[in-house]
Each structure stands twice: as C-alpha cells, then as structure tokens.
>>> print(open('model_27.cif').read())   # mmCIF, C-alpha atoms
data_my_file
#
loop_
_atom_site.label_atom_id
_atom_site.label_comp_id
_atom_site.auth_asym_id
_atom_site.auth_seq_id
_atom_site.Cartn_x
_atom_site.Cartn_y
_atom_site.Cartn_z
CA MET J 167 17.32 14.53 -4.41
CA GLU J 168 19.19 17.87 -4.49
CA ALA J 169 21.53 18.16 -7.49
CA ARG J 170 25.22 18.34 -6.67
CA PRO J 171 26.66 21.73 -7.72
CA GLN J 172 29.16 21.88 -10.55
CA PRO J 173 32.77 21.76 -9.33
CA LEU J 174 34.44 25.17 -9.01
CA HIS J 175 38.04 26.27 -8.65
CA PHE J 176 38.67 27.81 -5.23
CA VAL J 177 41.88 29.78 -4.75
CA LEU J 178 42.64 30.15 -1.03
CA VAL J 179 45.09 32.85 0.08
CA THR J 180 46.33 33.26 3.64
CA ILE J 181 49.21 34.88 5.50
CA GLY J 182 50.95 34.73 8.85
CA SER J 183 51.55 31.96 11.35
CA ALA J 184 49.88 28.58 11.83
CA GLY J 185 46.97 30.43 13.46
CA GLY J 186 46.18 31.97 10.08
CA LEU J 187 46.93 28.77 8.18
CA PHE J 188 44.91 26.07 9.92
CA PRO J 189 41.40 27.60 9.50
CA PHE J 190 42.06 27.93 5.76
CA MET J 191 43.19 24.32 5.62
CA ARG J 192 39.95 23.24 7.28
CA LEU J 193 38.02 25.21 4.65
CA ALA J 194 40.13 23.79 1.82
CA LEU J 195 39.56 20.21 2.94
CA ALA J 196 35.80 20.77 3.25
CA LEU J 197 35.66 22.25 -0.25
CA ARG J 198 37.75 19.42 -1.69
CA GLU J 199 35.50 16.87 -0.03
CA ALA J 200 32.55 18.55 -1.78
CA GLY J 201 34.26 17.89 -5.12
CA HIS J 202 35.81 21.28 -5.85
CA ARG J 203 39.28 22.04 -7.19
CA ILE J 204 41.65 23.74 -4.74
CA SER J 205 44.69 25.97 -5.13
CA PHE J 206 46.29 26.91 -1.80
CA LEU J 207 48.52 29.99 -1.54
CA GLY J 208 50.34 30.65 1.72
CA PRO J 209 53.73 31.50 3.25
CA SER J 210 56.38 29.12 1.95
CA GLN J 211 57.35 27.88 5.43
CA HIS J 212 53.91 26.26 5.76
CA GLU J 213 54.39 23.98 2.77
CA PRO J 214 54.93 20.81 4.88
CA TYR J 215 51.54 21.24 6.57
CA VAL J 216 49.68 21.81 3.31
CA ARG J 217 51.46 19.08 1.37
CA ALA J 218 50.80 16.62 4.20
CA ALA J 219 47.08 17.24 3.66
CA ASP J 220 47.58 16.49 -0.06
CA LEU J 221 46.51 19.99 -1.08
CA PRO J 222 48.10 21.72 -4.10
CA PHE J 223 50.37 24.40 -2.65
CA HIS J 224 51.85 27.58 -4.13
CA GLY J 225 54.37 29.14 -1.75
CA LEU J 226 54.39 32.90 -1.19
CA PRO J 227 57.57 34.73 -0.15
CA ALA J 228 58.01 35.17 3.60
CA ASP J 229 60.89 36.67 5.57
CA PRO J 230 61.33 35.01 8.99
CA ALA J 231 63.35 38.04 10.12
CA VAL J 232 60.05 39.83 10.75
CA LEU J 233 59.74 37.79 13.96
CA ASP J 234 62.66 39.80 15.37
CA HIS J 235 61.27 43.22 14.47
CA PRO J 236 60.99 45.16 17.75
CA ASP J 237 57.54 46.53 16.87
CA LEU J 238 55.95 43.27 15.72
CA TRP J 239 54.07 42.88 19.00
CA HIS J 240 53.55 46.58 19.70
CA PRO J 241 49.85 47.40 20.37
CA THR J 242 49.67 50.14 17.73
CA ARG J 243 52.80 49.83 15.56
CA GLY J 244 52.42 46.08 15.07
CA PHE J 245 50.01 46.48 12.15
CA GLY J 246 52.63 48.36 10.13
CA VAL J 247 55.17 45.58 10.62
CA VAL J 248 52.69 42.91 9.50
CA TRP J 249 51.56 44.98 6.53
CA GLU J 250 55.08 45.59 5.23
CA ALA J 251 56.06 41.96 5.79
CA THR J 252 53.12 40.64 3.76
CA ARG J 253 53.45 42.94 0.74
CA PRO J 254 55.92 40.73 -1.24
CA ALA J 255 53.59 37.75 -0.75
CA MET J 256 50.50 39.70 -1.74
CA ALA J 257 52.21 41.07 -4.85
CA ALA J 258 52.59 37.47 -6.05
CA VAL J 259 48.84 36.76 -5.90
CA PRO J 260 47.74 38.62 -9.08
CA ALA J 261 50.62 36.98 -10.96
CA PHE J 262 49.36 33.54 -9.92
CA MET J 263 45.79 34.34 -10.91
CA ALA J 264 47.02 35.53 -14.34
CA THR J 265 48.31 32.00 -15.04
CA LEU J 266 44.80 30.49 -14.81
CA PRO J 267 42.61 30.07 -17.90
CA GLN J 268 40.65 33.28 -18.42
CA ASP J 269 37.36 31.45 -18.90
CA GLU J 270 37.73 29.26 -15.80
CA LYS J 271 35.07 29.87 -13.14
CA CYS J 272 37.00 30.86 -10.01
CA THR J 273 36.32 31.98 -6.48
CA MET J 274 39.03 33.54 -4.32
CA LEU J 275 38.73 32.80 -0.59
CA VAL J 276 41.16 35.14 1.11
CA HIS J 277 42.53 36.54 4.34
CA PRO J 278 41.32 40.14 4.90
CA LEU J 279 44.78 41.59 4.22
CA ALA J 280 44.72 39.92 0.79
CA LEU J 281 41.49 41.66 -0.24
CA PRO J 282 43.16 44.63 -1.98
CA GLU J 283 45.06 42.21 -4.22
CA ALA J 284 41.93 40.13 -4.79
CA GLU J 285 40.21 43.24 -6.13
CA LEU J 286 43.12 43.75 -8.56
CA CYS J 287 42.55 40.19 -9.74
CA ARG J 288 38.84 40.91 -10.28
CA ALA J 289 39.71 43.99 -12.33
CA ALA J 290 41.74 41.77 -14.65
CA ARG J 291 39.23 38.93 -14.51
CA PRO J 292 35.63 40.22 -14.58
CA GLY J 293 33.20 37.84 -12.92
CA LEU J 294 35.71 36.61 -10.33
CA ARG J 295 33.97 35.99 -7.00
CA ILE J 296 35.76 37.16 -3.86
CA VAL J 297 35.04 35.73 -0.42
CA ALA J 298 36.67 37.15 2.71
CA ALA J 299 37.44 34.79 5.59
CA PHE J 300 37.54 36.70 8.87
CA LEU J 301 39.43 34.68 11.47
CA ALA J 302 38.59 36.77 14.54
CA PRO J 303 35.81 39.22 15.50
CA SER J 304 38.15 42.22 15.66
CA ASN J 305 38.88 41.79 11.94
CA LEU J 306 35.33 43.12 11.37
CA PRO J 307 35.11 46.76 12.49
CA THR J 308 32.03 47.50 14.57
CA VAL J 309 30.77 50.17 16.96
CA HIS J 310 29.13 47.55 19.17
CA ASP J 311 30.46 45.99 22.38
CA PRO J 312 32.95 44.81 23.33
CA LEU J 313 34.72 47.64 21.52
CA MET J 314 38.48 47.34 21.89
CA LEU J 315 40.63 49.94 20.15
CA GLY J 316 43.89 48.08 20.55
CA PRO J 317 44.43 47.74 24.31
CA TRP J 318 41.84 50.41 25.12
CA ARG J 319 38.30 49.36 25.95
CA VAL J 320 35.57 51.84 25.03
CA PRO J 321 32.98 52.08 27.85
CA ARG J 322 29.45 50.88 27.11
CA TRP J 323 27.97 54.34 27.67
CA VAL J 324 29.90 55.94 24.78
CA PRO J 325 27.40 56.69 21.94
CA HIS J 326 27.73 54.88 18.62
CA GLY J 327 28.49 58.08 16.73
CA VAL J 328 31.46 58.79 18.98
CA ARG J 329 32.62 55.16 18.66
CA LYS J 330 32.58 55.45 14.88
CA ARG J 331 34.72 58.60 15.05
CA LEU J 332 37.15 56.83 17.38
CA TRP J 333 37.48 53.96 14.89
CA ARG J 334 38.14 56.39 12.04
CA THR J 335 40.66 58.38 14.09
CA LEU J 336 42.57 55.22 15.00
CA ALA J 337 42.60 54.01 11.39
CA ALA J 338 43.63 57.45 10.07
CA ARG J 339 46.60 57.49 12.43
CA PHE J 340 47.85 53.91 12.52
CA VAL J 341 46.47 52.11 9.43
CA ASP J 342 45.86 54.32 6.40
CA PRO J 343 49.22 56.16 6.30
CA ILE J 344 50.96 52.78 6.18
CA ALA J 345 48.66 50.85 3.84
CA LEU J 346 47.12 53.32 1.40
CA PRO J 347 50.28 54.33 -0.50
CA ASP J 348 50.84 50.67 -1.49
CA VAL J 349 47.16 50.00 -2.17
CA ASN J 350 46.59 53.08 -4.28
CA ALA J 351 49.80 52.67 -6.26
CA ALA J 352 48.70 49.15 -7.25
CA ARG J 353 45.16 50.34 -7.99
CA SER J 354 46.49 53.10 -10.25
CA MET J 355 48.49 50.59 -12.29
CA ALA J 356 45.32 48.48 -12.66
CA GLY J 357 43.24 51.48 -13.76
CA LEU J 358 41.23 51.62 -10.52
CA ALA J 359 40.35 54.76 -8.60
CA PRO J 360 42.20 55.48 -5.35
CA VAL J 361 40.58 54.75 -1.99
CA ARG J 362 40.63 56.83 1.18
CA SER J 363 40.18 54.19 3.89
CA LEU J 364 41.63 50.68 4.09
CA LEU J 365 38.97 49.45 6.53
CA ASP J 366 36.08 50.77 4.43
CA THR J 367 37.64 49.25 1.31
CA ILE J 368 38.22 45.84 2.86
CA VAL J 369 34.62 45.38 3.97
CA ALA J 370 33.28 46.61 0.60
CA ILE J 371 35.31 44.29 -1.66
CA PRO J 372 33.93 40.78 -0.90
CA ASP J 373 30.89 39.28 -2.56
CA LEU J 374 30.51 37.20 0.60
CA SER J 375 32.07 37.34 4.06
CA VAL J 376 32.66 34.29 6.25
CA ALA J 377 33.02 34.76 10.01
CA LEU J 378 35.13 31.85 11.24
CA PHE J 379 33.88 31.89 14.83
CA PRO J 380 30.55 31.03 16.47
CA HIS J 381 27.63 33.26 17.46
CA TRP J 382 28.15 32.56 21.15
CA PHE J 383 31.70 33.93 20.93
CA ALA J 384 30.74 36.99 18.86
CA PRO J 385 27.14 37.67 17.75
CA THR J 386 26.58 39.06 14.25
CA GLN J 387 26.59 42.85 14.49
CA PRO J 388 24.29 45.20 12.54
CA ASP J 389 27.25 47.05 10.98
CA TRP J 390 29.10 43.96 9.70
CA PRO J 391 29.26 43.61 5.90
CA ARG J 392 26.49 41.64 4.20
CA PRO J 393 26.01 38.97 3.11
CA VAL J 394 27.82 37.11 5.88
CA VAL J 395 27.77 33.41 6.72
CA ARG J 396 28.72 32.09 10.16
CA THR J 397 30.64 29.00 11.24
CA GLY J 398 31.91 27.52 14.44
CA PHE J 399 35.64 27.65 15.08
CA PRO J 400 37.21 25.73 12.15
CA LEU J 401 39.58 23.79 14.38
CA PHE J 402 42.29 21.92 12.49
CA ASP J 403 44.88 19.58 13.94
CA PRO J 404 47.67 18.67 11.52
CA ASN J 405 48.29 15.46 13.46
CA PRO J 406 45.13 14.53 15.38
CA GLN J 407 46.59 11.19 16.50
CA ALA J 408 49.68 12.79 18.06
CA ALA J 409 50.27 11.74 21.65
CA LEU J 410 52.22 13.38 24.41
CA SER J 411 55.77 12.15 24.82
CA PRO J 412 56.38 9.56 27.56
CA ALA J 413 58.55 12.07 29.43
CA LEU J 414 55.79 14.68 29.41
CA GLN J 415 53.18 12.11 30.41
CA GLN J 416 55.37 11.16 33.36
CA PHE J 417 55.74 14.84 34.32
CA LEU J 418 51.97 15.35 34.19
CA GLY J 419 51.42 12.35 36.43
CA GLN J 420 53.81 13.48 39.16
CA GLY J 421 51.51 15.92 40.93
CA GLY J 422 48.60 18.32 40.55
CA ARG J 423 47.68 19.86 37.25
CA PRO J 424 50.40 22.26 36.06
CA LEU J 425 50.20 25.71 34.57
CA VAL J 426 51.05 26.13 30.88
CA PHE J 427 52.65 29.30 29.53
CA THR J 428 52.94 30.10 25.83
CA PRO J 429 53.39 33.51 24.13
CA GLY J 430 52.61 32.03 20.69
CA THR J 431 54.75 30.03 18.30
CA GLY J 432 55.81 33.14 16.36
CA ASN J 433 56.93 35.15 19.40
CA ARG J 434 60.71 35.32 19.74
CA GLN J 435 60.59 38.34 22.08
CA ALA J 436 59.16 36.76 25.22
CA ALA J 437 62.12 36.55 27.61
CA ASP J 438 60.48 38.93 30.13
CA TYR J 439 57.20 36.99 29.85
CA PHE J 440 58.92 33.74 30.79
CA ARG J 441 60.83 35.40 33.66
CA CYS J 442 57.50 36.50 35.14
CA ALA J 443 56.07 33.01 34.51
CA LEU J 444 59.01 31.38 36.31
CA ASP J 445 58.69 33.70 39.32
CA ALA J 446 54.90 33.34 39.49
CA SER J 447 55.05 29.54 39.35
CA ALA J 448 57.60 29.48 42.16
CA HIS J 449 55.55 31.91 44.25
CA LEU J 450 52.43 29.75 43.87
CA GLY J 451 54.33 26.50 44.40
CA LEU J 452 52.94 25.08 41.16
CA ARG J 453 54.57 23.11 38.38
CA ALA J 454 54.65 24.63 34.92
CA ILE J 455 55.19 23.85 31.25
CA PHE J 456 56.84 26.53 29.11
CA LEU J 457 55.75 26.05 25.52
CA THR J 458 57.82 27.78 22.82
CA PRO J 459 59.94 26.65 19.85
CA HIS J 460 62.48 29.34 20.76
CA ARG J 461 64.48 27.87 23.67
CA GLU J 462 66.85 30.86 23.78
CA GLN J 463 64.09 32.91 25.47
CA LEU J 464 64.29 30.79 28.61
CA PRO J 465 66.91 30.68 31.35
CA ALA J 466 69.69 28.20 30.59
CA GLN J 467 68.72 26.16 33.65
CA LEU J 468 65.11 25.57 34.65
CA PRO J 469 64.12 24.25 38.08
CA SER J 470 62.75 20.71 38.15
CA PRO J 471 59.09 21.79 38.63
CA VAL J 472 59.28 23.54 35.23
CA ARG J 473 59.56 21.75 31.91
CA TRP J 474 60.24 23.26 28.49
CA GLN J 475 58.55 21.89 25.39
CA ASP J 476 59.12 23.13 21.84
CA TYR J 477 55.83 21.67 20.62
CA VAL J 478 52.95 19.84 22.26
CA PRO J 479 49.59 18.98 20.62
CA LEU J 480 47.28 21.29 22.57
CA ARG J 481 44.31 19.02 22.10
CA ALA J 482 46.09 16.28 24.05
CA LEU J 483 47.64 18.59 26.65
CA LEU J 484 44.98 21.13 27.63
CA PRO J 485 42.51 18.78 29.35
CA GLN J 486 45.29 17.93 31.82
CA VAL J 487 46.32 21.45 32.93
CA ALA J 488 45.04 23.92 35.52
CA VAL J 489 45.32 27.19 33.56
CA LEU J 490 46.62 28.09 30.11
CA VAL J 491 48.43 31.43 30.09
CA HIS J 492 48.73 32.60 26.49
CA HIS J 493 48.87 35.53 24.08
CA GLY J 494 45.25 35.43 22.96
CA GLY J 495 45.68 34.31 19.36
CA ILE J 496 42.34 33.14 18.02
CA GLY J 497 43.54 29.57 17.36
CA THR J 498 44.93 29.07 20.87
CA THR J 499 41.86 30.73 22.40
CA ALA J 500 39.55 28.39 20.48
CA GLU J 501 41.50 25.28 21.45
CA ALA J 502 41.32 26.25 25.13
CA LEU J 503 37.57 26.89 24.88
CA HIS J 504 37.16 23.51 23.17
CA ALA J 505 39.14 21.76 25.91
CA GLY J 506 37.25 23.47 28.73
CA THR J 507 40.51 24.91 30.09
CA ALA J 508 40.68 28.12 32.12
CA GLN J 509 42.63 30.91 30.43
CA LEU J 510 44.72 33.87 31.46
CA VAL J 511 45.17 35.90 28.29
CA VAL J 512 48.21 38.18 28.06
CA PRO J 513 47.51 40.09 24.82
CA LEU J 514 50.24 42.00 23.02
CA ALA J 515 48.75 43.26 19.73
CA HIS J 516 46.43 42.67 16.77
CA ASP J 517 43.21 40.72 17.56
CA GLN J 518 44.46 39.51 20.94
CA PHE J 519 42.91 42.25 23.09
CA ASP J 520 39.44 41.60 21.69
CA ASN J 521 39.80 37.84 22.08
CA GLY J 522 40.86 38.32 25.71
CA ALA J 523 37.84 40.53 26.39
CA ARG J 524 35.54 37.81 25.00
CA VAL J 525 37.18 35.14 27.16
CA GLU J 526 36.44 37.34 30.18
CA SER J 527 32.84 37.94 29.13
CA LEU J 528 32.27 34.18 28.85
CA GLY J 529 33.47 33.80 32.43
CA VAL J 530 36.20 31.30 31.51
CA GLY J 531 39.29 33.41 32.12
CA LEU J 532 40.91 36.78 32.65
CA SER J 533 42.88 39.20 30.49
CA LEU J 534 46.06 41.00 31.54
CA PRO J 535 47.64 43.19 28.83
CA ALA J 536 51.30 42.39 28.25
CA THR J 537 52.26 46.03 28.85
CA ARG J 538 51.06 45.62 32.46
CA LEU J 539 52.55 42.19 33.03
CA ASN J 540 54.70 41.68 36.09
CA THR J 541 55.06 38.88 38.62
CA ARG J 542 52.67 40.43 41.14
CA ARG J 543 49.84 40.90 38.63
CA LEU J 544 50.42 37.48 37.11
CA VAL J 545 50.23 35.83 40.53
CA ALA J 546 47.06 37.77 41.37
CA GLY J 547 45.39 36.71 38.12
CA LEU J 548 46.31 33.07 38.56
CA GLU J 549 45.15 33.06 42.19
CA ALA J 550 41.80 34.55 41.15
CA LEU J 551 41.29 31.77 38.61
CA LEU J 552 42.49 28.95 40.84
CA ASP J 553 40.25 30.12 43.71
CA ASP J 554 37.13 30.49 41.53
CA GLU J 555 34.91 27.53 42.49
CA GLY J 556 32.51 28.03 39.58
CA LEU J 557 35.19 28.34 36.91
CA ILE J 558 35.43 24.66 35.97
CA GLY J 559 31.68 24.44 35.47
CA ARG J 560 31.64 27.51 33.22
CA CYS J 561 34.56 26.16 31.17
CA ARG J 562 32.78 22.84 30.69
CA ALA J 563 29.57 24.60 29.66
CA VAL J 564 31.44 26.49 26.94
CA ALA J 565 33.23 23.32 25.78
CA ALA J 566 29.83 21.67 25.37
CA LYS J 567 28.94 24.25 22.71
CA PHE J 568 31.42 22.62 20.31
CA ALA J 569 29.53 20.09 18.24
CA GLY J 570 29.16 18.79 14.70
CA ASP J 571 31.36 19.91 11.84
CA GLY J 572 31.78 23.50 12.98
CA GLY J 573 29.38 24.78 10.33
CA MET J 574 31.56 23.66 7.41
CA GLU J 575 28.66 22.18 5.47
CA GLU J 576 26.77 25.46 5.59
CA VAL J 577 29.82 27.42 4.48
CA VAL J 578 30.51 25.09 1.57
CA ARG J 579 26.88 25.42 0.50
CA ALA J 580 27.10 29.22 0.66
CA LEU J 581 30.33 29.27 -1.31
#
>>> encode(input="model_27.cif", output="structure tokens")
Amino acid sequence: MEARPQPLHFVLVTIGSAGGLFPFMRLALALREAGHRISFLGPSQHEPYVRAADLPFHGLPADPAVLDHPDLWHPTRGFGVVWEATRPAMAAVPAFMATLPQDEKCTMLVHPLALPEAELCRAARPGLRIVAAFLAPSNLPTVHDPLMLGPWRVPRWVPHGVRKRLWRTLAARFVDPIALPDVNAARSMAGLAPVRSLLDTIVAIPDLSVALFPHWFAPTQPDWPRPVVRTGFPLFDPNPQAALSPALQQFLGQGGRPLVFTPGTGNRQAADYFRCALDASAHLGLRAIFLTPHREQLPAQLPSPVRWQDYVPLRALLPQVAVLVHHGGIGTTAEALHAGTAQLVVPLAHDQFDNGARVESLGVGLSLPATRLNTRRLVAGLEALLDDEGLIGRCRAVAAKFAGDGGMEEVVRAL
C-alpha cells in the first residue's frame, strides 16, 4: 500500500472576483481532504465564502472602488487598473509569510499576479516551493493558436517568430511600463536583481505550474513552462443545494426557454450592454433574464417578458435556458460548457477574448467583442445560434467531457 505523504502547509493566494476565488477554494478543499494544512489569503470581501467552507482565512486589502474605474474593462488599459488595484494586497503577502515558523515546510500556491511577491518570500525563506495556478489559457503566453493579442486575433499563417515579437511588443507597451517599476523596487529591497520582462519573469518563477482547465479546451503548448500538471475545470459551487426561487421557477415555466444576459458580477459599467439586450430580446420576441447584482444598470421599469435577478445559481439555471450571453470569464464559460448551454460571448478585456475564441472553436457558441456590440449584431448572433440545428448536440457532447473529480487527485499528488 502506498505510504501517505507527510502533511505540508499550503499557503494559497488569490485575487479578484469570485471567478478567481472559487478554483482556489476547490484546490484548498482537495488539499485539506488529503490531510494538509491550509492558509487561504484572498480579498477581504470573500471572507464569507471561505469561512463557510471552514478554511482558515487571512483577508487582503481590496478597494471596491476599482469596479467604477473607467478603464477596468478596457481591452488594453484594463491590465494597468487590475495591477494597481492588487498591489496593496500583494504587499501584505510577504508580511504574512514572515509570521510562519522559519523551519516549517511550506508551499505557496498562487495566482500568477502574486508570483513576484512569492519570489520575494522565497528569497527570505530558502527552500520555499512556489506553484502557479493558471486559471485560463491566456494566462500562459504562447505563440500557438488561437493567438489572441487582446481583441486582435493573429492569423494562422503568421510565423512563430513574428508572433513572438508581437507578444513582446504588446507586453513592452501595455504591461512592463506599468508593472516593472513596482516589481523591481521590491526586488531591490530584497537584494534581488532587476528583471526586464514581467511575462518572462512570471513563467520562470514557479517550481510547478498548474493549468486549471482541460486538454480539450486548451492543449498543452510546447512553449508553456515546465513542469506543468493539467486538471479539468475546478468547478466550485458555494451552495450546491441552492434552488431557484419559486418566482423564477414560475417565470421559467411560462413559455419557451429564455435568454440569459450577464456581464459578470464585478461589472458595474454595463448599462449599454443591457440596453442592447433589452432591444434584442424584444426584436426576437423572446423572454430574458438579466443577471447582475447592480440593479442601477437596468432601466427602472422592465417589460414583463424580462426579469432581473441579482444572483441565481448557474448550475440550476443554465440547463433551462436557450442561450447564455456573457462576458467570457473563465468561471462562467466553464459552467456553461458543463451545463451544455449555448453561449454568445461578449468579451471586454483580460482573458475573455481568448475564452470566447475557444468557445467558437468548440462549436458551442459565438464571440462578439463588446466594442462592436450593438442591437443589430446581437440579434444576428442570437439568430445564428438559435437557428443552428446541430448546436444542441455539440453542446451536449462537450458537457459529456466533464467527469470524475476534475483531475484534483492528480494535482494533489503532484503538489
């Protein structure tokens, strides 16, 4: 019988919205089940989720005002907003690690944007293992297809050498000028040499990389960092027994399957998106559910075929809808794939363009960049999906790929 490994202390560090939180919670629970000690560091507003799972939580500073920054969802300037917003939280990570016994055997399992701080921790704590958890394929730079540089798709015929130069040009313009001053200032204080590229640094830091998405969604590329271990989507539902409200169940039962529109739980700048959604639903004569916790983005009065919901458990809702129109966050994308629901992705920034391209390549949806969104294009996209006779079969075939524990056992063994 194989000997059970000695318990370790895993320090998990994540940032951002629930989409960045839930995969880390799934990992934390799998590690705890294997007998390891867990410390969970994340934005303070997520404490209720983590505490409800009975995981030790250390809150990191987070300013909700970032959700109102006009560039948060900009295709190229959005990275700078996220980077600046996460710096106070990341600065608290080395201080937390300094409180742990120096001789304790630790592994940090971190979001990619926490890797520079994890390396500072390793400088102060030789022997510290660092594992990077990549939530979406676009977090791992590659010259291979589909190559999305923000909203721009690089054609297949472009040679790899040119693709690499394009990546470096994009990073030199939109990433390094923002990130490197902070990174190198902190490295200097820790006695580390400066670095010239954030992307090159991030992929070189980890002792192990974990890709938190399956091969069929994004095959392992030759230029990804090694070693790398693969999982399925680490789906996590904070309340798996949650049911739809009686009022929503009644609405769903009053006619054909409705459309569902959501720009993401963290998007407070989606008034134009919902205006297009309202007009498109009326044009198609279809009922719709508008899903957002920010009611002020919607018209004061909604017509009776449209219902607003601040929160709905997607796992219970998606099997009962015709099309999910969403922003392309990796968590929402994975839930729709799991449910076998057709998708119209309206990406704004970050990893969303790449996720939308992969939904298209699987044949289970379309992608319409938010900068091109209007009622006419939204109607055309929805009509194309609703008229596609083979779409339901393709969605079901993808949903059938979800099985087992999502590769958690293999990841725990690798860690």
>>> resolve_selection(input="model_27.cif", expression="the PyMOL selection byres ((chain J and resi 247-263) around 6)", output="mmCIF file with C-alpha atoms, keeping the file's coordinate frame")
data_model
loop_
_atom_site.group_PDB
_atom_site.id
_atom_site.type_symbol
_atom_site.label_atom_id
_atom_site.label_comp_id
_atom_site.auth_asym_id
_atom_site.auth_seq_id
_atom_site.Cartn_x
_atom_site.Cartn_y
_atom_site.Cartn_z
ATOM 1 C CA LEU J 226 54.390 32.900 -1.190
ATOM 2 C CA PRO J 227 57.570 34.730 -0.150
ATOM 3 C CA LEU J 238 55.950 43.270 15.720
ATOM 4 C CA GLY J 244 52.420 46.080 15.070
ATOM 5 C CA PHE J 245 50.010 46.480 12.150
ATOM 6 C CA GLY J 246 52.630 48.360 10.130
ATOM 7 C CA ALA J 264 47.020 35.530 -14.340
ATOM 8 C CA THR J 265 48.310 32.000 -15.040
ATOM 9 C CA LEU J 266 44.800 30.490 -14.810
ATOM 10 C CA CYS J 287 42.550 40.190 -9.740
#
>>> residues_near_point(input="model_27.cif", point="(37.6, 49.1, 27.2)", cutoff="12 Å", atoms="all atoms listed in the file", output="list in words")
His310, Asp311, Pro312, Leu313, Met314, Leu315, Gly316, Pro317, Trp318, Arg319, Val320, Pro321, Arg322, Trp323, Val324, Arg329, Phe519, Asp520, Gly522, Ala523, Arg524, Ser533 and Pro535 of chain J
>>> residues_around(input="model_27.cif", residues="Pro485 (chain J)", least_positions_apart="2", cutoff="9 Å", atoms="all atoms listed in the file", output="mmCIF file with C-alpha atoms, in the coordinates of the input")
data_model
loop_
_atom_site.group_PDB
_atom_site.id
_atom_site.type_symbol
_atom_site.label_atom_id
_atom_site.label_comp_id
_atom_site.auth_asym_id
_atom_site.auth_seq_id
_atom_site.Cartn_x
_atom_site.Cartn_y
_atom_site.Cartn_z
ATOM 1 C CA LEU J 480 47.280 21.290 22.570
ATOM 2 C CA ARG J 481 44.310 19.020 22.100
ATOM 3 C CA ALA J 482 46.090 16.280 24.050
ATOM 4 C CA LEU J 483 47.640 18.590 26.650
ATOM 5 C CA VAL J 487 46.320 21.450 32.930
ATOM 6 C CA ALA J 488 45.040 23.920 35.520
ATOM 7 C CA ALA J 502 41.320 26.250 25.130
ATOM 8 C CA ALA J 505 39.140 21.760 25.910
ATOM 9 C CA GLY J 506 37.250 23.470 28.730
ATOM 10 C CA THR J 507 40.510 24.910 30.090
#
>>> residues_around(input="model_27.cif", residues="region 541-552 of chain J", least_positions_apart="2", cutoff="9 Å", atoms="all atoms listed in the file", output="PDB file with C-alpha atoms, in the frame of the given file")
ATOM      1  CA  ARG J 441      60.830  35.400  33.660  1.00  0.00           C
ATOM      2  CA  CYS J 442      57.500  36.500  35.140  1.00  0.00           C
ATOM      3  CA  ALA J 443      56.070  33.010  34.510  1.00  0.00           C
ATOM      4  CA  LEU J 444      59.010  31.380  36.310  1.00  0.00           C
ATOM      5  CA  ASP J 445      58.690  33.700  39.320  1.00  0.00           C
ATOM      6  CA  ALA J 446      54.900  33.340  39.490  1.00  0.00           C
ATOM      7  CA  SER J 447      55.050  29.540  39.350  1.00  0.00           C
ATOM      8  CA  HIS J 449      55.550  31.910  44.250  1.00  0.00           C
ATOM      9  CA  LEU J 450      52.430  29.750  43.870  1.00  0.00           C
ATOM     10  CA  ALA J 488      45.040  23.920  35.520  1.00  0.00           C
ATOM     11  CA  VAL J 489      45.320  27.190  33.560  1.00  0.00           C
ATOM     12  CA  VAL J 491      48.430  31.430  30.090  1.00  0.00           C
ATOM     13  CA  ALA J 508      40.680  28.120  32.120  1.00  0.00           C
ATOM     14  CA  GLN J 509      42.630  30.910  30.430  1.00  0.00           C
ATOM     15  CA  LEU J 510      44.720  33.870  31.460  1.00  0.00           C
ATOM     16  CA  VAL J 530      36.200  31.300  31.510  1.00  0.00           C
ATOM     17  CA  GLY J 531      39.290  33.410  32.120  1.00  0.00           C
ATOM     18  CA  LEU J 532      40.910  36.780  32.650  1.00  0.00           C
ATOM     19  CA  SER J 533      42.880  39.200  30.490  1.00  0.00           C
ATOM     20  CA  LEU J 534      46.060  41.000  31.540  1.00  0.00           C
ATOM     21  CA  ARG J 538      51.060  45.620  32.460  1.00  0.00           C
ATOM     22  CA  LEU J 539      52.550  42.190  33.030  1.00  0.00           C
ATOM     23  CA  ASP J 554      37.130  30.490  41.530  1.00  0.00           C
ATOM     24  CA  GLU J 555      34.910  27.530  42.490  1.00  0.00           C
ATOM     25  CA  LEU J 557      35.190  28.340  36.910  1.00  0.00           C
TER      26      LEU J 557
END
>>> closest_residue(input="model_27.cif", among="J:Glu213, J:Gln420, J:Trp382, J:Glu576", to="Ala563 (chain J)", atoms="only C-alpha atoms")
J:Trp382
>>> residues_around(input="model_27.cif", residues="region 421-434 of chain J", least_positions_apart="3", cutoff="7 Å", atoms="all atoms listed in the file", output="PyMOL selection string")
chain J and resi 183+233-234+418+452-460+486-493
>>> atom_distance(input="model_27.cif", atom1="CA of Pro391 (chain J)", atom2="CA of Glu270 (chain J)")
27.4 Å
>>> closest_atom_pairs(input="model_27.cif", of="region 208-244 of chain J", to="region 184-190 of chain J", cutoff="12 Å", atoms="all atoms listed in the file", output="tab-separated table")
residue	atom	partner	partner_atom	distance
J:Gly208	CA	J:Leu187	CA	7.5
J:Pro209	CA	J:Leu187	CA	8.8
J:Ser210	CA	J:Leu187	CA	11.3
J:Gln211	CA	J:Ala184	CA	9.9
J:His212	CA	J:Ala184	CA	7.6
J:Glu213	CA	J:Leu187	CA	10.4
J:Pro214	CA	J:Ala184	CA	11.6
J:Tyr215	CA	J:Phe188	CA	8.9
J:Val216	CA	J:Leu187	CA	8.9
J:Ala219	CA	J:Phe188	CA	11.0
J:Leu221	CA	J:Phe190	CA	11.4
>>> write_last_selection(input="model_27.cif", atoms="C-alpha atoms", output="PDB file, in the frame of the given file")
ATOM      1  CA  GLY J 208      50.340  30.650   1.720  1.00  0.00           C
ATOM      2  CA  PRO J 209      53.730  31.500   3.250  1.00  0.00           C
ATOM      3  CA  SER J 210      56.380  29.120   1.950  1.00  0.00           C
ATOM      4  CA  GLN J 211      57.350  27.880   5.430  1.00  0.00           C
ATOM      5  CA  HIS J 212      53.910  26.260   5.760  1.00  0.00           C
ATOM      6  CA  GLU J 213      54.390  23.980   2.770  1.00  0.00           C
ATOM      7  CA  PRO J 214      54.930  20.810   4.880  1.00  0.00           C
ATOM      8  CA  TYR J 215      51.540  21.240   6.570  1.00  0.00           C
ATOM      9  CA  VAL J 216      49.680  21.810   3.310  1.00  0.00           C
ATOM     10  CA  ALA J 219      47.080  17.240   3.660  1.00  0.00           C
ATOM     11  CA  LEU J 221      46.510  19.990  -1.080  1.00  0.00           C
TER      12      LEU J 221
END
>>> closest_residue(input="model_27.cif", among="J:Ile204, J:Val564, J:Leu401, J:Leu197", to="Thr498 (chain J)", atoms="only C-alpha atoms")
J:Leu401
>>> closest_residue(input="model_27.cif", among="J:Ala356, J:Asp237, J:Cys561, J:Ala345", to="Arg291 (chain J)", atoms="only C-alpha atoms")
J:Ala356
>>> resolve_selection(input="model_27.cif", expression="the PyMOL selection byres ((chain J and resi 300) around 8)", output="list in words")
His277, Pro278, Ala298, Ala299, Leu301, Ala302, Pro303, Asn305, Leu306, Ser375, Val376, Ala377 and Leu378 of chain J
>>> atom_distance(input="model_27.cif", atom1="CA of Val177 (chain J)", atom2="CA of Arg203 (chain J)")
8.5 Å
